[in-house]
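*Asks:* Okay, handing you the structure first.
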Amino acid sequence: MNSVLLQIGDGIFTVVTLIVTFILSVVLQQIFNTQSLIPMLFVLGIFLIALKTQGYFWGVSASLVSVLAVNYAFTFPYYAIDLISPTCVFSAVVMLIVSIATGTLTTQIKIQEKIKAEIEKERMRANLLRAVSHDLRTPLTTIYGSTSTVLDNFDTLSQEQQRKLLREVRDDSMWLIRMVENLLSITRIDSGKVQLNTQPAVLEELVDNMLVKFHKHCP
């Protein structure tokens with residue numbers, strides 16, 4: 001669907017650019033009474049079309065249409081097509097070269113930008129995985145240590161010590177649950193299926209809550 005809309009947009013841009021180029025050519029012809037500027041103006045229009053559209057189709061098509069327009073309206077004999085004249089052939093070759101060269105350059109730049117975006121995305125994904133792995137390891141280590149202590153020293157630990165260790169297991173388990181829920185929320189936000197509902201918050205209370213939560217793991 002997006003590719004179809006993009007092609008439609010490129011087609012509209014091509015048609016509008018050619019119409020504007022033709023109108024400007026007529027105006028310049030009336031003002032300066034010369035046809036020498038007309039081919040350059042159409043070459044500029046082809047350059048813009050090849051630069052702004054995807055691929056080669058619209059640039060090459062604009063080149064062919066421009067050759068016909070220049071040949072028909074701005075080359076003697078006027079309002080007649082003479083495709084075998086040297087001027088027409090030379091204009092066609094020049095405009096095709098401009099459109100193909102510009103399209104090739106633009107395509108290469110877009111490919112490089114896409115590769116750079118993919119590399120940046122992979123770098124961000126790797127950083128996120130490292131951060132998540134570290135944050136998961138800390139509570140999991142505490143859970144493992146507390147449960148191992150209870151199992152290995154069940155008969156020697158007092159009930160209060162056991163409760164303390166179990167509370168740590170419960171708190172770290174809730175930490176993991178909230179972390180997983182946050183990760184799921186991030187994936188839903190990236191997919192565009194979540195609408196954020198922002199509300200004002202007291203910054204001091206937020207900071208205090210974060211300090212309390214992180215103090216245990218990062219004293």
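How things are named: the first chain in the structure tokens is A, the next is B, and so on; residues count from 1 in each chain; ligands count from 1 in the order shown.
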Would you please give, as an MDAnalysis selection string, all residues of range 122-217 of chain A that DSSP assigns to alpha helix (DSSP H) based on the backbone?

*Replies:* chainID A and resid 122:152 159:190 203:215

*Asks:* Please report, as CSV, each residue of range 168-207 of chain A lying at most 10 Å from range 126-146 of chain A, together with the nearest pair of atoms and the separation in Å rounded to one decimal; use only C-alpha atoms, and order rows by chain and ascending residue number.

*Replies:*
```
residue,atom,partner,partner_atom,distance
A:Glu168,CA,A:Ile143,CA,7.3
A:Val169,CA,A:Ile143,CA,5.0
A:Arg170,CA,A:Ile143,CA,8.4
A:Asp171,CA,A:Pro139,CA,8.8
A:Asp172,CA,A:Pro139,CA,5.2
A:Ser173,CA,A:Pro139,CA,7.4
A:Met174,CA,A:Pro139,CA,9.6
A:Trp175,CA,A:Pro139,CA,7.4
A:Leu176,CA,A:Leu136,CA,6.9
A:Met179,CA,A:Leu136,CA,8.3
A:Val180,CA,A:Leu136,CA,9.4
A:Leu183,CA,A:Val132,CA,9.1
```

*Asks:* Save out the residues we just selected, N, CA and C atoms, as a compact mmCIF listing (two decimals), in the first residue's frame.

*Replies:*
```txt
# COMPACT_ATOMS: atom_id res chain seq x y z
N GLU A 168 12.51 -10.88 49.99
CA GLU A 168 13.43 -10.45 48.94
C GLU A 168 13.10 -11.16 47.61
N VAL A 169 12.78 -12.46 47.72
CA VAL A 169 12.40 -13.20 46.52
C VAL A 169 11.13 -12.60 45.91
N ARG A 170 10.15 -12.28 46.77
CA ARG A 170 8.90 -11.70 46.27
C ARG A 170 9.15 -10.33 45.63
N ASP A 171 9.95 -9.48 46.29
CA ASP A 171 10.22 -8.15 45.74
C ASP A 171 10.95 -8.23 44.40
N ASP A 172 11.94 -9.10 44.32
CA ASP A 172 12.67 -9.24 43.06
C ASP A 172 11.80 -9.86 41.97
N SER A 173 10.89 -10.75 42.35
CA SER A 173 9.97 -11.31 41.36
C SER A 173 9.05 -10.23 40.82
N MET A 174 8.55 -9.36 41.69
CA MET A 174 7.73 -8.25 41.22
C MET A 174 8.54 -7.30 40.34
N TRP A 175 9.80 -7.10 40.67
CA TRP A 175 10.69 -6.29 39.84
C TRP A 175 10.76 -6.87 38.42
N LEU A 176 10.93 -8.18 38.33
CA LEU A 176 11.02 -8.83 37.03
C LEU A 176 9.69 -8.72 36.27
N MET A 179 9.40 -5.29 34.89
CA MET A 179 10.33 -5.09 33.78
C MET A 179 9.81 -5.73 32.50
N VAL A 180 9.28 -6.95 32.61
CA VAL A 180 8.73 -7.63 31.44
C VAL A 180 7.53 -6.85 30.90
N LEU A 183 8.80 -3.93 28.96
CA LEU A 183 9.32 -4.33 27.65
C LEU A 183 8.18 -4.60 26.68
```

*Asks:* I want to know what sits within 9 Å of Ser25 in chain A, based on only C-alpha atoms, with residues of the same chain fewer than 4 positions away left out; could you give that as a count of residues only?

*Replies:* 11

*Asks:* Taking only C-alpha atoms into account, which of A:Leu18, A:Thr53, A:Phe90, A:Leu24 comes nearest Ser66 in chain A?

*Replies:*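 Between A:Leu18, A:Thr53, A:Phe90, A:Leu24, the residue approaching Ser66 in chain A most closely is A:Leu18.
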
*Asks:* Quick one: pull the distance between CA of Asn197 in chain A and CA of Glu122 in chain A, Å, one decimal.

*Replies:*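 CA of Glu122 in chain A lies at a distance of 29.0 Å from CA of Asn197 in chain A.
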
*Asks:* Could you work out how far CA of Thr102 in chain A lies from CA of Leu48 in chain A, giving the answer in Å with one decimal?

*Replies:*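 Distance reported for this atom pair: 8.8 Å.
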
*Asks:* I'd like the contact shell of range 93-101 of chain A - 12 Å cut-off, only C-alpha atoms, skipping same-chain residues fewer than 2 positions apart - returned as a VMD selection string.

*Replies:* chain A and resid 39 to 68 70 86 to 91 103 to 108

*Asks:* State, in Å with one decimal place, the distance from CA of Asp10 in chain A to CA of Ile115 in chain A.

*Replies:*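 Separating CA of Asp10 in chain A from CA of Ile115 in chain A is a distance of 22.9 Å.
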